[in-house]
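> So that you have it, the file is entry.cif, and it contains mmCIF, C-alpha atoms:
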```cif
data_work
#
loop_
_atom_site.group_PDB
_atom_site.id
_atom_site.type_symbol
_atom_site.label_atom_id
_atom_site.label_comp_id
_atom_site.auth_asym_id
_atom_site.auth_seq_id
_atom_site.Cartn_x
_atom_site.Cartn_y
_atom_site.Cartn_z
ATOM 1 C CA MET A 968 347.493 80.077 159.146
ATOM 2 C CA LYS A 969 345.057 81.350 156.549
ATOM 3 C CA ALA A 970 345.527 82.626 153.021
ATOM 4 C CA ASN A 971 345.453 86.402 152.682
ATOM 5 C CA HIS A 972 346.520 87.255 149.111
ATOM 6 C CA VAL A 973 347.497 85.997 145.674
ATOM 7 C CA HIS A 974 349.773 87.599 143.048
ATOM 8 C CA VAL A 975 348.659 87.358 139.414
ATOM 9 C CA GLY A 976 350.674 88.597 136.452
ATOM 10 C CA VAL A 977 348.979 90.621 133.702
ATOM 11 C CA ARG A 978 350.508 92.021 130.509
ATOM 12 C CA ASP A 979 348.297 95.129 130.464
ATOM 13 C CA LEU A 980 348.020 96.316 134.060
ATOM 14 C CA PRO A 981 346.076 99.558 133.356
ATOM 15 C CA ALA A 982 343.464 97.654 131.318
ATOM 16 C CA ALA A 983 343.177 94.952 134.002
ATOM 17 C CA VAL A 984 342.691 97.556 136.733
ATOM 18 C CA GLY A 985 340.068 99.352 134.633
ATOM 19 C CA ARG A 986 338.185 96.139 133.976
ATOM 20 C CA LEU A 987 338.069 95.154 137.655
ATOM 21 C CA GLU A 988 336.846 98.658 138.505
ATOM 22 C CA ARG A 989 334.154 98.658 135.814
ATOM 23 C CA VAL A 990 332.895 95.064 135.859
ATOM 24 C CA TRP A 991 333.504 93.971 139.469
ATOM 25 C CA GLU A 992 333.230 97.445 141.047
ATOM 26 C CA LEU A 993 336.558 96.920 142.856
ATOM 27 C CA LYS A 994 338.893 99.841 143.513
ATOM 28 C CA PRO A 995 342.613 99.399 144.147
ATOM 29 C CA VAL A 996 343.668 100.087 147.727
ATOM 30 C CA PHE A 997 347.237 100.606 146.510
ATOM 31 C CA GLN A 998 348.639 101.185 143.046
ATOM 32 C CA ILE A 999 352.016 101.879 141.467
ATOM 33 C CA PRO A 1000 353.013 101.408 137.811
ATOM 34 C CA GLU A 1001 354.160 97.819 138.471
ATOM 35 C CA MET A 1002 351.337 96.615 140.761
ATOM 36 C CA ALA A 1003 347.790 97.169 141.969
ATOM 37 C CA ILE A 1004 346.238 95.688 145.112
ATOM 38 C CA PHE A 1005 342.509 95.040 145.488
ATOM 39 C CA ALA A 1006 340.885 94.199 148.835
ATOM 40 C CA VAL A 1007 338.214 91.555 148.374
ATOM 41 C CA GLY A 1008 336.809 91.052 151.848
ATOM 42 C CA GLU A 1009 339.666 89.783 154.014
ATOM 43 C CA PHE A 1010 341.574 88.596 150.947
ATOM 44 C CA GLU A 1011 343.778 90.706 148.673
ATOM 45 C CA LEU A 1012 344.346 90.317 144.952
ATOM 46 C CA PHE A 1013 347.690 91.647 143.721
ATOM 47 C CA LEU A 1014 347.949 92.343 139.995
ATOM 48 C CA ASP A 1015 351.575 92.517 138.910
ATOM 49 C CA ALA A 1016 352.743 93.937 135.583
ATOM 50 C CA ALA A 1017 354.277 90.950 133.758
ATOM 51 C CA GLU A 1018 355.441 89.766 130.350
ATOM 52 C CA HIS A 1019 352.798 87.017 130.368
ATOM 53 C CA ASP A 1020 349.285 86.705 131.748
ATOM 54 C CA THR A 1021 348.921 84.198 134.600
ATOM 55 C CA ARG A 1022 346.167 81.642 133.980
ATOM 56 C CA THR A 1023 344.198 81.570 137.239
ATOM 57 C CA THR A 1024 340.638 81.099 138.473
ATOM 58 C CA ILE A 1025 339.612 83.283 141.395
ATOM 59 C CA GLY A 1026 336.420 82.372 143.237
ATOM 60 C CA PHE A 1027 333.959 84.738 144.895
ATOM 61 C CA VAL A 1028 331.336 83.400 147.290
ATOM 62 C CA SER A 1029 327.820 84.733 146.743
ATOM 63 C CA ASP A 1030 324.447 84.441 148.428
ATOM 64 C CA ASP A 1031 322.774 84.733 144.991
ATOM 65 C CA CYS A 1032 324.870 83.493 142.075
ATOM 66 C CA ASP A 1033 322.292 84.396 139.419
ATOM 67 C CA ARG A 1034 321.909 87.979 140.652
ATOM 68 C CA ASP A 1035 325.645 88.590 140.918
ATOM 69 C CA TYR A 1036 326.317 86.917 137.560
ATOM 70 C CA SER A 1037 323.662 89.117 135.905
ATOM 71 C CA GLY A 1038 325.236 92.205 137.487
ATOM 72 C CA VAL A 1039 328.760 91.565 136.198
ATOM 73 C CA VAL A 1040 327.465 90.589 132.752
ATOM 74 C CA ALA A 1041 325.421 93.814 132.613
ATOM 75 C CA ARG A 1042 328.658 95.716 133.342
ATOM 76 C CA GLY A 1043 330.499 93.998 130.495
ATOM 77 C CA ALA A 1044 331.760 90.605 131.726
ATOM 78 C CA GLU A 1045 332.054 87.877 129.079
ATOM 79 C CA THR A 1046 330.492 84.548 129.991
ATOM 80 C CA VAL A 1047 332.580 81.406 130.219
ATOM 81 C CA SER A 1048 329.788 79.370 131.839
ATOM 82 C CA ALA A 1049 326.348 80.603 132.943
ATOM 83 C CA PRO A 1050 325.068 79.712 136.438
ATOM 84 C CA GLU A 1051 324.392 76.030 136.969
ATOM 85 C CA ASP A 1052 324.060 73.669 139.894
ATOM 86 C CA LYS A 1053 327.192 71.608 140.468
ATOM 87 C CA PRO A 1054 327.239 68.059 141.855
ATOM 88 C CA TYR A 1055 329.394 69.170 144.801
ATOM 89 C CA GLY A 1056 326.592 71.313 146.278
ATOM 90 C CA SER A 1057 327.143 74.753 144.763
ATOM 91 C CA ARG A 1058 325.638 76.906 142.048
ATOM 92 C CA ALA A 1059 328.453 78.441 140.027
ATOM 93 C CA ALA A 1060 329.062 80.748 137.072
ATOM 94 C CA TYR A 1061 332.329 81.674 135.363
ATOM 95 C CA VAL A 1062 333.247 84.843 133.492
ATOM 96 C CA LYS A 1063 336.400 86.040 131.778
ATOM 97 C CA GLY A 1064 338.497 88.389 133.842
ATOM 98 C CA PRO A 1065 341.348 90.571 132.670
ATOM 99 C CA GLY A 1066 344.320 88.812 131.098
ATOM 100 C CA ALA A 1067 344.060 85.037 131.487
ATOM 101 C CA LEU A 1068 341.943 85.254 134.647
ATOM 102 C CA THR A 1069 338.653 83.442 135.060
ATOM 103 C CA LEU A 1070 336.395 84.728 137.828
ATOM 104 C CA GLU A 1071 333.990 82.315 139.518
ATOM 105 C CA ILE A 1072 330.814 83.225 141.366
ATOM 106 C CA GLU A 1073 329.857 80.380 143.687
ATOM 107 C CA GLN A 1074 326.759 80.051 145.858
ATOM 108 C CA PRO A 1075 326.647 77.189 148.368
ATOM 109 C CA LEU A 1076 323.350 75.307 148.045
ATOM 110 C CA THR A 1077 321.451 73.975 151.015
ATOM 111 C CA ARG A 1078 320.842 70.251 150.931
#
```
Now, as a test, write the supplied structure out as structure tokens.

Amino acid sequence: MKANHVHVGVRDLPAAVGRLERVWELKPVFQIPEMAIFAVGEFELFLDAAEHDTRTTIGFVSDDCDRDYSGVVARGAETVSAPEDKPYGSRAAYVKGPGALTLEIEQPLTR
């Protein structure tokens, strides 16, 4: 088995969809008033309209963390943590997503 999607609740679905479109340049592959689905490679992110935001971190692998971090910040992402090398062998940055989401950009480092 392999993971293929995650459901995340957001209080303001239209704003969350707009933010993912603007900042991450993702377009929904399916959308109804209660849900939007985004294809992220082979993985799908489901945003569900909910009474409360779900606190979740979603990671994106990158071949250049600094470049991709600069791109999302230029499009309006708010920084949680700028790119830095991690002791587990990755360079990672974190930005605020819609609702209570945190989005991680992670670049594996060669040893």
> Can you turn the PyMOL selection byres ((chain A and resi 1032) around 10) into a concrete residue list for this file, as number ranges by chain?
A: 1027-1031, 1033-1038, 1049-1051, 1057-1060, 1071-1075
> Kindly resolve the PyMOL selection byres ((chain A and resi 968-975) around 8) on the present coordinates and return the residues as number ranges by chain.
A: 976-977, 1009-1015, 1020-1021, 1023
> Using the chain letters and numbers from this file, what does the PyMOL selection byres ((chain A and resi 990-998) around 12) select? Give the answer as a PDB file with C-alpha atoms, keeping the file's coordinate frame.

```pdb
ATOM      1  CA  LEU A 980     348.020  96.316 134.060  1.00  0.00           C
ATOM      2  CA  PRO A 981     346.076  99.558 133.356  1.00  0.00           C
ATOM      3  CA  ALA A 982     343.464  97.654 131.318  1.00  0.00           C
ATOM      4  CA  ALA A 983     343.177  94.952 134.002  1.00  0.00           C
ATOM      5  CA  VAL A 984     342.691  97.556 136.733  1.00  0.00           C
ATOM      6  CA  GLY A 985     340.068  99.352 134.633  1.00  0.00           C
ATOM      7  CA  ARG A 986     338.185  96.139 133.976  1.00  0.00           C
ATOM      8  CA  LEU A 987     338.069  95.154 137.655  1.00  0.00           C
ATOM      9  CA  GLU A 988     336.846  98.658 138.505  1.00  0.00           C
ATOM     10  CA  ARG A 989     334.154  98.658 135.814  1.00  0.00           C
ATOM     11  CA  ILE A 999     352.016 101.879 141.467  1.00  0.00           C
ATOM     12  CA  PRO A1000     353.013 101.408 137.811  1.00  0.00           C
ATOM     13  CA  GLU A1001     354.160  97.819 138.471  1.00  0.00           C
ATOM     14  CA  MET A1002     351.337  96.615 140.761  1.00  0.00           C
ATOM     15  CA  ALA A1003     347.790  97.169 141.969  1.00  0.00           C
ATOM     16  CA  ILE A1004     346.238  95.688 145.112  1.00  0.00           C
ATOM     17  CA  PHE A1005     342.509  95.040 145.488  1.00  0.00           C
ATOM     18  CA  ALA A1006     340.885  94.199 148.835  1.00  0.00           C
ATOM     19  CA  VAL A1007     338.214  91.555 148.374  1.00  0.00           C
ATOM     20  CA  GLY A1008     336.809  91.052 151.848  1.00  0.00           C
ATOM     21  CA  GLU A1011     343.778  90.706 148.673  1.00  0.00           C
ATOM     22  CA  LEU A1012     344.346  90.317 144.952  1.00  0.00           C
ATOM     23  CA  PHE A1013     347.690  91.647 143.721  1.00  0.00           C
ATOM     24  CA  LEU A1014     347.949  92.343 139.995  1.00  0.00           C
ATOM     25  CA  ASP A1015     351.575  92.517 138.910  1.00  0.00           C
ATOM     26  CA  ALA A1016     352.743  93.937 135.583  1.00  0.00           C
ATOM     27  CA  PHE A1027     333.959  84.738 144.895  1.00  0.00           C
ATOM     28  CA  ASP A1035     325.645  88.590 140.918  1.00  0.00           C
ATOM     29  CA  TYR A1036     326.317  86.917 137.560  1.00  0.00           C
ATOM     30  CA  SER A1037     323.662  89.117 135.905  1.00  0.00           C
ATOM     31  CA  GLY A1038     325.236  92.205 137.487  1.00  0.00           C
ATOM     32  CA  VAL A1039     328.760  91.565 136.198  1.00  0.00           C
ATOM     33  CA  VAL A1040     327.465  90.589 132.752  1.00  0.00           C
ATOM     34  CA  ALA A1041     325.421  93.814 132.613  1.00  0.00           C
ATOM     35  CA  ARG A1042     328.658  95.716 133.342  1.00  0.00           C
ATOM     36  CA  GLY A1043     330.499  93.998 130.495  1.00  0.00           C
ATOM     37  CA  ALA A1044     331.760  90.605 131.726  1.00  0.00           C
ATOM     38  CA  GLU A1045     332.054  87.877 129.079  1.00  0.00           C
ATOM     39  CA  VAL A1062     333.247  84.843 133.492  1.00  0.00           C
ATOM     40  CA  LYS A1063     336.400  86.040 131.778  1.00  0.00           C
ATOM     41  CA  GLY A1064     338.497  88.389 133.842  1.00  0.00           C
ATOM     42  CA  PRO A1065     341.348  90.571 132.670  1.00  0.00           C
ATOM     43  CA  LEU A1070     336.395  84.728 137.828  1.00  0.00           C
ATOM     44  CA  GLU A1071     333.990  82.315 139.518  1.00  0.00           C
ATOM     45  CA  ILE A1072     330.814  83.225 141.366  1.00  0.00           C
TER      46      ILE A1072
END
```
> One decimal, Å: what's the distance from atom CA of A:Thr1069 over to atom CA of A:Arg1022, could you say?
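Distance reported for this atom pair: 7.8 Å.
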> Work out how far apart atom CA of A:Ser1048 and atom CA of A:Gly1026 are and give it in Å to one decimal.
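We find that atom CA of A:Ser1048 and atom CA of A:Gly1026 lie 13.5 Å from each other.
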> Assuming 5 Å of padding per side, give the centre and edge lengths of the axis-aligned box around every listed atom of stretch 1053-1067 of chain A, in Å to one decimal and as AutoDock Vina command-line options.

```
--center_x 335.0 --center_y 79.3 --center_z 138.7 --size_x 28.7 --size_y 32.5 --size_z 25.2
```
> Just how far from atom CA of A:Lys1053 is atom CA of A:Gly1066, in Å to one decimal?
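Between atom CA of A:Gly1066 and atom CA of A:Lys1053 the gap works out to 26.0 Å.
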